[in-house]
Amino acid sequence: MKKSNALIKFWKILGPGLITGASDDDPSGIATYSQAGAAFGLSTLWTSIVAFPLMASIQQMCAKIGLVTSQGLTGALKANYPKPILYVMLLFSFPAIVMNIGADIAGMGAVGNLLFPKIEATYFSVIFTLLLLILIIYLPYQKIASILKYLCIVLLVYLVVPFLYHQDWMDVAENTFIPTIHFNKDFISVLVGILGTTISPYLFFWQASMEVEEMKNKKRHLIVNKKIIHNMQQDVDFGMSFSGVVMFFIILTTGTVLYKAGIHQIDTVEQAAAALKPLAGNFAYLLFAIGVIGTGLLAIPVLSGSLSYIITETFGWEQGLDKKFHEAKAFYIVMAISLILGLSLNYIGISPVKALIYTAILYGMTAPVLIAIILHISNNKKVMGAYTNSKKTNILGFAAFIIMTAAAITLIYLQITE
């Protein structure tokens, strides 16, 4: 009984951190991890171990900024930094997030077509877009948060798939704990892709804004204490570890099933799902495909929501998922426009794969700058008071900054020399 009560209590603590972590494994992320496994087998499994503390440290900083300042990350930037920095972030974030939404919608549509071949992928994309628009506009924040929270459970399907196929667990353990790096263009590109997918700027904005929403929802205005900070850290740690575990199992699945079958090029999630069917059986294929749709339904509201928070906070417009449409029209209109623009990418000749490449470039260039600003805000006593970063958090934060900066430089270099 005590264990049951403890689990219920822990589940109630989970919220923005879990949703943020789970949304990190969106269809475009699944495509990246699938390509890593198909191209290099289990060689990139170790990245899930390395990425976790970096992700967790940055997301905890963003969450704490939201809790302490009662503002989203954009609001904190606006209050403490020159406006040109804010506008540059907006300039980079808008196209990157829209392209990410477009890639996710296209991936969901393609997988829907795989499950029901008689219905064209474009119809599924339109249906999913309309469904998300209706849910986002008409449901109150509590309902949206609850739905997103339970949608995270869908990701558990990826933990099942590898056990449907024979595994060499000694080989798995070796590749998990002993890093392998091949100094060639293709391998470095995959590493950069994994970093860009796991440490994405839109998650920074979403995390901070969601903490503010949670505080409003629980009527805890400006009352921040160690217990609230501790609960937030548990939430973020669990969410990021959950994200890392899912990432690990997707690489494991494609690294054993597809790589060993000689399938080394996977550009989209539907290709990964389709390739699994003859090799690992219908059940593994169905689980993988259903997971793609579930993660899309989870991630797209996060993507569109983060963009809407960025824009409305920048211009001082009413914003918040806790408000009804007539109370924050601009906020919901931005979300709707981002979904429609994302859907339109399927009809104007920009392929989802190219969209992902452009997204990775923009994220790669934006992330180091944002991480530096987040570190500065988090260590500013005038802003954070008694809740500035600990030494451990700073070490991990600076490590993330250095690694992401190196990734950005590498990414630009690879694009120029291709």
# chains A, B, ... in the order shown; residues from 1 in each chain; ligands from 1
>>> residues_around(residues="range 18-32 of chain A", least_positions_apart="6", cutoff="6 Å", atoms="only C-alpha atoms", output="list in words")
Asp104, Lys149, Cys152, Thr197, Gly239, Met240, Ser243, Thr268, Val269, Val292, Thr295, Gly296, Leu298 and Ala299 of chain A
>>> atom_distance(atom1="CA of Ala273 in chain A", atom2="CA of Ala289 in chain A")
5.8 Å
>>> residues_around(residues="Gly75 in chain A", least_positions_apart="5", cutoff="12 Å", atoms="only C-alpha atoms", output="ChimeraX atom specification")
/A:62,65-66,69-70,80-81,83,86,205,208-209,212,309-317,319,377,383
>>> write_last_selection(atoms="N, CA, C and O atoms", output="compact mmCIF listing (two decimals), in the first residue's frame")
# COMPACT_ATOMS: atom_id res chain seq x y z
N CYS A 62 16.46 25.97 -17.11
CA CYS A 62 15.30 26.62 -17.74
C CYS A 62 14.08 26.56 -16.82
O CYS A 62 13.34 27.55 -16.67
N ILE A 65 14.49 29.00 -13.94
CA ILE A 65 14.26 30.37 -14.40
C ILE A 65 12.76 30.66 -14.41
O ILE A 65 12.30 31.71 -13.96
N GLY A 66 11.98 29.71 -14.93
CA GLY A 66 10.53 29.86 -14.97
C GLY A 66 9.92 29.97 -13.58
O GLY A 66 9.08 30.84 -13.32
N THR A 69 11.41 33.41 -11.69
CA THR A 69 11.05 34.71 -12.29
C THR A 69 9.57 34.81 -12.64
O THR A 69 9.08 35.91 -12.93
N SER A 70 8.85 33.68 -12.63
CA SER A 70 7.45 33.63 -13.08
C SER A 70 7.31 34.13 -14.51
O SER A 70 6.28 34.69 -14.90
N ASN A 80 16.36 41.14 -19.37
CA ASN A 80 17.76 41.23 -18.94
C ASN A 80 18.79 41.38 -20.06
O ASN A 80 19.97 41.53 -19.77
N TYR A 81 18.34 41.33 -21.32
CA TYR A 81 19.28 41.40 -22.43
C TYR A 81 18.80 42.38 -23.49
O TYR A 81 17.60 42.67 -23.58
N LYS A 83 17.46 43.93 -26.87
CA LYS A 83 16.42 43.40 -27.75
C LYS A 83 16.96 42.70 -29.01
O LYS A 83 16.37 41.73 -29.47
N LEU A 86 17.20 39.04 -28.55
CA LEU A 86 15.87 38.42 -28.55
C LEU A 86 15.36 38.21 -29.97
O LEU A 86 14.84 37.14 -30.32
N PHE A 205 12.63 26.79 -24.18
CA PHE A 205 11.52 27.74 -24.02
C PHE A 205 10.29 27.06 -23.43
O PHE A 205 9.62 27.61 -22.56
N ALA A 208 10.62 26.28 -19.46
CA ALA A 208 10.44 27.45 -18.59
C ALA A 208 8.99 27.90 -18.55
O ALA A 208 8.43 28.18 -17.48
N SER A 209 8.35 27.96 -19.73
CA SER A 209 6.96 28.41 -19.81
C SER A 209 6.00 27.45 -19.11
O SER A 209 5.04 27.87 -18.46
N VAL A 212 5.92 27.94 -15.38
CA VAL A 212 5.08 29.08 -15.04
C VAL A 212 3.61 28.68 -15.07
O VAL A 212 2.83 29.03 -14.17
N TYR A 309 4.86 30.79 -27.30
CA TYR A 309 5.38 31.48 -26.11
C TYR A 309 6.49 32.46 -26.50
O TYR A 309 6.55 33.58 -25.98
N ILE A 310 7.38 32.03 -27.41
CA ILE A 310 8.48 32.89 -27.84
C ILE A 310 7.95 34.19 -28.45
O ILE A 310 8.36 35.29 -28.08
N ILE A 311 7.00 34.06 -29.38
CA ILE A 311 6.49 35.23 -30.11
C ILE A 311 5.64 36.13 -29.22
O ILE A 311 5.82 37.36 -29.21
N THR A 312 4.73 35.55 -28.46
CA THR A 312 3.84 36.38 -27.63
C THR A 312 4.58 37.07 -26.49
O THR A 312 4.27 38.22 -26.14
N GLU A 313 5.57 36.39 -25.90
CA GLU A 313 6.36 37.06 -24.86
C GLU A 313 7.24 38.15 -25.45
O GLU A 313 7.47 39.18 -24.81
N THR A 314 7.73 37.93 -26.67
CA THR A 314 8.56 38.94 -27.33
C THR A 314 7.80 40.24 -27.52
O THR A 314 8.32 41.34 -27.27
N PHE A 315 6.54 40.14 -27.95
CA PHE A 315 5.75 41.32 -28.27
C PHE A 315 4.79 41.74 -27.15
O PHE A 315 4.00 42.68 -27.32
N GLY A 316 4.86 41.04 -26.02
CA GLY A 316 4.04 41.42 -24.87
C GLY A 316 2.56 41.13 -25.03
O GLY A 316 1.73 41.80 -24.41
N TRP A 317 2.21 40.13 -25.83
CA TRP A 317 0.82 39.75 -26.03
C TRP A 317 0.39 38.76 -24.95
O TRP A 317 1.22 38.08 -24.34
N GLN A 319 -0.70 35.48 -23.27
CA GLN A 319 -0.32 34.13 -23.66
C GLN A 319 -0.59 33.13 -22.54
O GLN A 319 -0.76 33.53 -21.39
N ILE A 377 22.01 33.87 -17.06
CA ILE A 377 20.83 34.18 -16.26
C ILE A 377 20.82 33.35 -14.97
O ILE A 377 20.53 33.86 -13.89
N VAL A 383 18.71 38.22 -10.70
CA VAL A 383 17.55 37.56 -11.33
C VAL A 383 17.10 36.36 -10.51
O VAL A 383 15.91 36.17 -10.25
>>> residues_around(residues="Ile136 in chain A", least_positions_apart="6", cutoff="12 Å", atoms="only C-alpha atoms", output="number ranges by chain")
A: 129-130, 142-145, 147-148, 297-298, 300-302, 304-305, 320-325, 331-336, 339
>>> write_last_selection(atoms="N, CA and C atoms", output="mmCIF file, in the first residue's frame")
data_model
loop_
_atom_site.group_PDB
_atom_site.id
_atom_site.type_symbol
_atom_site.label_atom_id
_atom_site.label_comp_id
_atom_site.auth_asym_id
_atom_site.auth_seq_id
_atom_site.Cartn_x
_atom_site.Cartn_y
_atom_site.Cartn_z
ATOM 1 N N THR A 129 -3.317 17.159 -38.325
ATOM 2 C CA THR A 129 -3.187 18.604 -38.101
ATOM 3 C C THR A 129 -4.484 19.192 -37.558
ATOM 4 N N LEU A 130 -5.603 18.832 -38.170
ATOM 5 C CA LEU A 130 -6.909 19.329 -37.723
ATOM 6 C C LEU A 130 -7.237 18.853 -36.315
ATOM 7 N N GLN A 142 -5.265 22.122 -18.091
ATOM 8 C CA GLN A 142 -5.225 20.901 -17.285
ATOM 9 C C GLN A 142 -5.464 19.656 -18.127
ATOM 10 N N LYS A 143 -6.437 19.753 -19.046
ATOM 11 C CA LYS A 143 -6.745 18.616 -19.925
ATOM 12 C C LYS A 143 -5.586 18.340 -20.878
ATOM 13 N N ILE A 144 -5.041 19.425 -21.466
ATOM 14 C CA ILE A 144 -3.919 19.267 -22.398
ATOM 15 C C ILE A 144 -2.728 18.634 -21.683
ATOM 16 N N ALA A 145 -2.396 19.145 -20.484
ATOM 17 C CA ALA A 145 -1.268 18.615 -19.712
ATOM 18 C C ALA A 145 -1.486 17.149 -19.373
ATOM 19 N N ILE A 147 -3.429 14.964 -21.015
ATOM 20 C CA ILE A 147 -3.334 14.162 -22.246
ATOM 21 C C ILE A 147 -1.877 13.968 -22.647
ATOM 22 N N LEU A 148 -1.101 15.063 -22.621
ATOM 23 C CA LEU A 148 0.317 14.967 -22.982
ATOM 24 C C LEU A 148 1.057 14.027 -22.043
ATOM 25 N N LEU A 297 1.801 13.235 -31.861
ATOM 26 C CA LEU A 297 0.703 13.895 -31.154
ATOM 27 C C LEU A 297 1.189 14.567 -29.869
ATOM 28 N N LEU A 298 2.229 14.024 -29.283
ATOM 29 C CA LEU A 298 2.825 14.588 -28.074
ATOM 30 C C LEU A 298 3.725 15.781 -28.398
ATOM 31 N N ILE A 300 4.183 17.716 -31.314
ATOM 32 C CA ILE A 300 3.762 18.874 -32.118
ATOM 33 C C ILE A 300 3.129 19.982 -31.258
ATOM 34 N N PRO A 301 2.264 19.663 -30.276
ATOM 35 C CA PRO A 301 1.788 20.741 -29.392
ATOM 36 C C PRO A 301 2.923 21.422 -28.620
ATOM 37 N N VAL A 302 3.962 20.646 -28.276
ATOM 38 C CA VAL A 302 5.111 21.222 -27.583
ATOM 39 C C VAL A 302 5.861 22.170 -28.510
ATOM 40 N N SER A 304 4.718 23.734 -31.333
ATOM 41 C CA SER A 304 3.903 24.914 -31.657
ATOM 42 C C SER A 304 3.709 25.801 -30.423
ATOM 43 N N GLY A 305 3.570 25.165 -29.250
ATOM 44 C CA GLY A 305 3.418 25.917 -28.006
ATOM 45 C C GLY A 305 4.658 26.717 -27.669
ATOM 46 N N GLY A 320 -0.698 31.873 -22.898
ATOM 47 C CA GLY A 320 -0.862 30.826 -21.896
ATOM 48 C C GLY A 320 -1.907 29.794 -22.270
ATOM 49 N N LEU A 321 -1.557 28.541 -22.072
ATOM 50 C CA LEU A 321 -2.505 27.453 -22.339
ATOM 51 C C LEU A 321 -3.633 27.419 -21.310
ATOM 52 N N ASP A 322 -3.434 28.152 -20.207
ATOM 53 C CA ASP A 322 -4.477 28.208 -19.181
ATOM 54 C C ASP A 322 -5.594 29.166 -19.570
ATOM 55 N N LYS A 323 -5.342 29.979 -20.610
ATOM 56 C CA LYS A 323 -6.348 30.951 -21.060
ATOM 57 C C LYS A 323 -7.189 30.364 -22.194
ATOM 58 N N LYS A 324 -8.432 30.840 -22.286
ATOM 59 C CA LYS A 324 -9.295 30.425 -23.379
ATOM 60 C C LYS A 324 -8.940 31.223 -24.636
ATOM 61 N N PHE A 325 -9.446 30.754 -25.775
ATOM 62 C CA PHE A 325 -9.088 31.356 -27.063
ATOM 63 C C PHE A 325 -9.359 32.859 -27.090
ATOM 64 N N PHE A 331 -1.960 34.187 -29.094
ATOM 65 C CA PHE A 331 -1.236 32.990 -28.674
ATOM 66 C C PHE A 331 -1.701 31.766 -29.464
ATOM 67 N N TYR A 332 -3.022 31.574 -29.539
ATOM 68 C CA TYR A 332 -3.560 30.404 -30.227
ATOM 69 C C TYR A 332 -3.468 30.541 -31.747
ATOM 70 N N ILE A 333 -3.547 31.763 -32.251
ATOM 71 C CA ILE A 333 -3.409 31.972 -33.696
ATOM 72 C C ILE A 333 -1.993 31.626 -34.156
ATOM 73 N N VAL A 334 -0.982 31.986 -33.355
ATOM 74 C CA VAL A 334 0.411 31.626 -33.689
ATOM 75 C C VAL A 334 0.566 30.102 -33.734
ATOM 76 N N MET A 335 -0.039 29.410 -32.762
ATOM 77 C CA MET A 335 0.024 27.943 -32.756
ATOM 78 C C MET A 335 -0.630 27.370 -34.015
ATOM 79 N N ALA A 336 -1.784 27.916 -34.372
ATOM 80 C CA ALA A 336 -2.507 27.441 -35.562
ATOM 81 C C ALA A 336 -1.694 27.700 -36.826
ATOM 82 N N LEU A 339 1.199 25.257 -37.231
ATOM 83 C CA LEU A 339 0.750 23.939 -37.699
ATOM 84 C C LEU A 339 0.421 23.963 -39.188
#
>>> closest_residue(among="A:Val257, A:Ile85, A:Leu203, A:Ile409", to="Ala274 in chain A", atoms="only C-alpha atoms")
A:Val257
>>> select_by_dssp(residues="range 13-182 of chain A", states="alpha helix (DSSP H)", output="PyMOL selection string")
chain A and resi 13+16-23+27-40+47-69+73-80+83-115+121-138+141-151+157-160+169-177
>>> residues_around(residues="Trp169 in chain A", least_positions_apart="5", cutoff="12 Å", atoms="only C-alpha atoms", output="list in words")
Leu42, Pro162, Phe163, Glu174, Asn175, Thr176, Leu252 and Thr256 of chain A
>>> residues_around(residues="Asn380 in chain A", least_positions_apart="4", cutoff="12 Å", atoms="only C-alpha atoms", output="JSON list (two decimals) with all heavy atoms, in the first residue's frame")
[["chain", "number", "residue", "atom", "x", "y", "z"],
["A", 61, "MET", "N", 17.94, 24.23, -15.46],
["A", 61, "MET", "CA", 18.17, 25.68, -15.42],
["A", 61, "MET", "C", 16.97, 26.44, -15.98],
["A", 61, "MET", "O", 16.53, 27.44, -15.40],
["A", 61, "MET", "CB", 19.43, 26.03, -16.22],
["A", 61, "MET", "CG", 20.73, 25.76, -15.50],
["A", 61, "MET", "SD", 22.14, 26.37, -16.46],
["A", 61, "MET", "CE", 22.88, 24.83, -16.96],
["A", 65, "ILE", "N", 14.49, 29.00, -13.94],
["A", 65, "ILE", "CA", 14.26, 30.37, -14.40],
["A", 65, "ILE", "C", 12.76, 30.66, -14.41],
["A", 65, "ILE", "O", 12.30, 31.71, -13.96],
["A", 65, "ILE", "CB", 14.88, 30.61, -15.80],
["A", 65, "ILE", "CG1", 16.41, 30.64, -15.70],
["A", 65, "ILE", "CG2", 14.37, 31.92, -16.41],
["A", 65, "ILE", "CD1", 17.13, 30.59, -17.04],
["A", 68, "VAL", "N", 11.43, 30.79, -10.62],
["A", 68, "VAL", "CA", 11.90, 31.92, -9.82],
["A", 68, "VAL", "C", 11.40, 33.26, -10.37],
["A", 68, "VAL", "O", 11.01, 34.15, -9.60],
["A", 68, "VAL", "CB", 13.44, 31.91, -9.72],
["A", 68, "VAL", "CG1", 13.96, 33.17, -9.03],
["A", 68, "VAL", "CG2", 13.92, 30.67, -8.97],
["A", 69, "THR", "N", 11.41, 33.41, -11.69],
["A", 69, "THR", "CA", 11.05, 34.71, -12.29],
["A", 69, "THR", "C", 9.57, 34.81, -12.64],
["A", 69, "THR", "O", 9.08, 35.91, -12.93],
["A", 69, "THR", "CB", 11.86, 34.96, -13.58],
["A", 69, "THR", "OG1", 11.47, 34.00, -14.59],
["A", 69, "THR", "CG2", 13.35, 34.85, -13.32],
["A", 76, "ALA", "N", 12.44, 36.36, -19.64],
["A", 76, "ALA", "CA", 13.69, 36.61, -18.91],
["A", 76, "ALA", "C", 14.73, 37.24, -19.83],
["A", 76, "ALA", "O", 15.48, 38.14, -19.41],
["A", 76, "ALA", "CB", 14.22, 35.29, -18.34],
["A", 80, "ASN", "N", 16.36, 41.14, -19.37],
["A", 80, "ASN", "CA", 17.76, 41.23, -18.94],
["A", 80, "ASN", "C", 18.79, 41.38, -20.06],
["A", 80, "ASN", "O", 19.97, 41.53, -19.77],
["A", 80, "ASN", "CB", 18.12, 39.98, -18.11],
["A", 80, "ASN", "CG", 17.30, 39.87, -16.85],
["A", 80, "ASN", "OD1", 17.54, 40.58, -15.87],
["A", 80, "ASN", "ND2", 16.30, 38.99, -16.85],
["A", 373, "ILE", "N", 23.46, 32.10, -22.72],
["A", 373, "ILE", "CA", 22.56, 33.07, -22.09],
["A", 373, "ILE", "C", 21.88, 32.45, -20.87],
["A", 373, "ILE", "O", 21.75, 33.09, -19.81],
["A", 373, "ILE", "CB", 21.51, 33.58, -23.11],
["A", 373, "ILE", "CG1", 22.20, 34.42, -24.18],
["A", 373, "ILE", "CG2", 20.43, 34.41, -22.41],
["A", 373, "ILE", "CD1", 21.32, 34.78, -25.35],
["A", 374, "ILE", "N", 21.43, 31.19, -21.01],
["A", 374, "ILE", "CA", 20.79, 30.48, -19.89],
["A", 374, "ILE", "C", 21.76, 30.36, -18.71],
["A", 374, "ILE", "O", 21.38, 30.56, -17.55],
["A", 374, "ILE", "CB", 20.30, 29.08, -20.34],
["A", 374, "ILE", "CG1", 19.11, 29.24, -21.30],
["A", 374, "ILE", "CG2", 19.90, 28.22, -19.15],
["A", 374, "ILE", "CD1", 18.79, 27.98, -22.09],
["A", 375, "LEU", "N", 23.02, 30.03, -18.99],
["A", 375, "LEU", "CA", 24.03, 29.95, -17.95],
["A", 375, "LEU", "C", 24.21, 31.30, -17.26],
["A", 375, "LEU", "O", 24.34, 31.38, -16.02],
["A", 375, "LEU", "CB", 25.36, 29.48, -18.54],
["A", 375, "LEU", "CG", 25.52, 27.97, -18.75],
["A", 375, "LEU", "CD1", 26.70, 27.68, -19.68],
["A", 375, "LEU", "CD2", 25.73, 27.25, -17.42],
["A", 376, "HIS", "N", 24.22, 32.37, -18.05],
["A", 376, "HIS", "CA", 24.41, 33.71, -17.49],
["A", 376, "HIS", "C", 23.24, 34.09, -16.58],
["A", 376, "HIS", "O", 23.44, 34.58, -15.46],
["A", 376, "HIS", "CB", 24.57, 34.73, -18.61],
["A", 376, "HIS", "CG", 25.02, 36.08, -18.13],
["A", 376, "HIS", "ND1", 24.13, 37.03, -17.66],
["A", 376, "HIS", "CD2", 26.25, 36.63, -18.03],
["A", 376, "HIS", "CE1", 24.79, 38.11, -17.30],
["A", 376, "HIS", "NE2", 26.09, 37.90, -17.52],
["A", 384, "MET", "N", 18.06, 35.53, -10.07],
["A", 384, "MET", "CA", 17.74, 34.24, -9.45],
["A", 384, "MET", "C", 17.78, 34.25, -7.93],
["A", 384, "MET", "O", 17.37, 33.26, -7.29],
["A", 384, "MET", "CB", 18.70, 33.16, -9.98],
["A", 384, "MET", "CG", 18.67, 32.97, -11.50],
["A", 384, "MET", "SD", 17.04, 32.52, -12.12],
["A", 384, "MET", "CE", 16.89, 30.86, -11.45],
["A", 385, "GLY", "N", 18.27, 35.32, -7.35],
["A", 385, "GLY", "CA", 18.32, 35.39, -5.89],
["A", 385, "GLY", "C", 19.15, 34.26, -5.29],
["A", 385, "GLY", "O", 20.31, 34.06, -5.66],
["A", 386, "ALA", "N", 18.54, 33.51, -4.38],
["A", 386, "ALA", "CA", 19.26, 32.42, -3.70],
["A", 386, "ALA", "C", 19.30, 31.13, -4.52],
["A", 386, "ALA", "O", 19.87, 30.14, -4.08],
["A", 386, "ALA", "CB", 18.59, 32.13, -2.36],
["A", 387, "TYR", "N", 18.70, 31.17, -5.71],
["A", 387, "TYR", "CA", 18.58, 29.94, -6.51],
["A", 387, "TYR", "C", 19.48, 29.93, -7.74],
["A", 387, "TYR", "O", 19.12, 29.40, -8.79],
["A", 387, "TYR", "CB", 17.12, 29.74, -6.92],
["A", 387, "TYR", "CG", 16.21, 29.56, -5.73],
["A", 387, "TYR", "CD1", 15.41, 30.62, -5.28],
["A", 387, "TYR", "CD2", 16.17, 28.36, -5.02],
["A", 387, "TYR", "CE1", 14.59, 30.46, -4.17],
["A", 387, "TYR", "CE2", 15.36, 28.21, -3.92],
["A", 387, "TYR", "CZ", 14.57, 29.26, -3.49],
["A", 387, "TYR", "OH", 13.77, 29.10, -2.38],
["A", 388, "THR", "N", 20.68, 30.51, -7.60],
["A", 388, "THR", "CA", 21.65, 30.44, -8.68],
["A", 388, "THR", "C", 22.19, 29.01, -8.80],
["A", 388, "THR", "O", 21.98, 28.18, -7.91],
["A", 388, "THR", "CB", 22.83, 31.41, -8.43],
["A", 388, "THR", "OG1", 23.36, 31.18, -7.11],
["A", 388, "THR", "CG2", 22.40, 32.86, -8.56],
["A", 389, "ASN", "N", 22.90, 28.74, -9.88],
["A", 389, "ASN", "CA", 23.38, 27.38, -10.16],
["A", 389, "ASN", "C", 24.36, 26.86, -9.11],
["A", 389, "ASN", "O", 25.17, 27.63, -8.57],
["A", 389, "ASN", "CB", 24.09, 27.33, -11.52],
["A", 389, "ASN", "CG", 23.12, 27.27, -12.67],
["A", 389, "ASN", "OD1", 21.92, 27.08, -12.48],
["A", 389, "ASN", "ND2", 23.63, 27.44, -13.88]]
>>> residues_around(residues="Ile105 in chain A", least_positions_apart="5", cutoff="10 Å", atoms="only C-alpha atoms", output="PyMOL selection string")
chain A and resi 27-28+99-100+110+121-122+124-129+293+296-297+300+339+342-346+352
>>> atom_distance(atom1="CA of Phe177 in chain A", atom2="CA of Ile58 in chain A")
23.0 Å
>>> atom_distance(atom1="CA of Met55 in chain A", atom2="CA of Tyr202 in chain A")
12.7 Å
>>> decode(residues="range 378-390 of chain A", atoms="N, CA, C and O atoms", output="PDB file, in the first residue's frame")
ATOM      1  N   SER A 378      21.152  32.070 -15.093  1.00  0.00           N
ATOM      2  CA  SER A 378      21.085  31.141 -13.958  1.00  0.00           C
ATOM      3  C   SER A 378      22.117  31.449 -12.878  1.00  0.00           C
ATOM      4  O   SER A 378      21.986  30.981 -11.749  1.00  0.00           O
ATOM      5  N   ASN A 379      23.154  32.203 -13.239  1.00  0.00           N
ATOM      6  CA  ASN A 379      24.176  32.571 -12.261  1.00  0.00           C
ATOM      7  C   ASN A 379      24.081  34.036 -11.836  1.00  0.00           C
ATOM      8  O   ASN A 379      24.921  34.517 -11.092  1.00  0.00           O
ATOM      9  N   ASN A 380      23.025  34.721 -12.305  1.00  0.00           N
ATOM     10  CA  ASN A 380      22.823  36.128 -11.981  1.00  0.00           C
ATOM     11  C   ASN A 380      21.967  36.249 -10.713  1.00  0.00           C
ATOM     12  O   ASN A 380      20.778  35.967 -10.722  1.00  0.00           O
ATOM     13  N   LYS A 381      22.588  36.676  -9.613  1.00  0.00           N
ATOM     14  CA  LYS A 381      21.876  36.765  -8.325  1.00  0.00           C
ATOM     15  C   LYS A 381      20.745  37.796  -8.342  1.00  0.00           C
ATOM     16  O   LYS A 381      19.771  37.658  -7.602  1.00  0.00           O
ATOM     17  N   LYS A 382      20.890  38.816  -9.188  1.00  0.00           N
ATOM     18  CA  LYS A 382      19.834  39.828  -9.285  1.00  0.00           C
ATOM     19  C   LYS A 382      18.547  39.227  -9.858  1.00  0.00           C
ATOM     20  O   LYS A 382      17.455  39.678  -9.537  1.00  0.00           O
ATOM     21  N   VAL A 383      18.710  38.224 -10.704  1.00  0.00           N
ATOM     22  CA  VAL A 383      17.552  37.565 -11.327  1.00  0.00           C
ATOM     23  C   VAL A 383      17.098  36.360 -10.507  1.00  0.00           C
ATOM     24  O   VAL A 383      15.912  36.175 -10.248  1.00  0.00           O
ATOM     25  N   MET A 384      18.060  35.531 -10.069  1.00  0.00           N
ATOM     26  CA  MET A 384      17.738  34.241  -9.452  1.00  0.00           C
ATOM     27  C   MET A 384      17.781  34.252  -7.926  1.00  0.00           C
ATOM     28  O   MET A 384      17.372  33.264  -7.293  1.00  0.00           O
ATOM     29  N   GLY A 385      18.270  35.318  -7.348  1.00  0.00           N
ATOM     30  CA  GLY A 385      18.325  35.386  -5.888  1.00  0.00           C
ATOM     31  C   GLY A 385      19.154  34.263  -5.290  1.00  0.00           C
ATOM     32  O   GLY A 385      20.308  34.057  -5.656  1.00  0.00           O
ATOM     33  N   ALA A 386      18.545  33.506  -4.382  1.00  0.00           N
ATOM     34  CA  ALA A 386      19.256  32.418  -3.696  1.00  0.00           C
ATOM     35  C   ALA A 386      19.299  31.132  -4.524  1.00  0.00           C
ATOM     36  O   ALA A 386      19.869  30.138  -4.083  1.00  0.00           O
ATOM     37  N   TYR A 387      18.698  31.170  -5.715  1.00  0.00           N
ATOM     38  CA  TYR A 387      18.579  29.943  -6.507  1.00  0.00           C
ATOM     39  C   TYR A 387      19.482  29.931  -7.741  1.00  0.00           C
ATOM     40  O   TYR A 387      19.124  29.400  -8.792  1.00  0.00           O
ATOM     41  N   THR A 388      20.679  30.513  -7.597  1.00  0.00           N
ATOM     42  CA  THR A 388      21.653  30.442  -8.683  1.00  0.00           C
ATOM     43  C   THR A 388      22.188  29.013  -8.797  1.00  0.00           C
ATOM     44  O   THR A 388      21.983  28.178  -7.915  1.00  0.00           O
ATOM     45  N   ASN A 389      22.897  28.739  -9.883  1.00  0.00           N
ATOM     46  CA  ASN A 389      23.383  27.381 -10.162  1.00  0.00           C
ATOM     47  C   ASN A 389      24.364  26.864  -9.111  1.00  0.00           C
ATOM     48  O   ASN A 389      25.170  27.629  -8.573  1.00  0.00           O
ATOM     49  N   SER A 390      24.307  25.562  -8.885  1.00  0.00           N
ATOM     50  CA  SER A 390      25.329  24.903  -8.070  1.00  0.00           C
ATOM     51  C   SER A 390      26.567  24.675  -8.942  1.00  0.00           C
ATOM     52  O   SER A 390      26.509  24.817 -10.171  1.00  0.00           O
TER      53      SER A 390
END
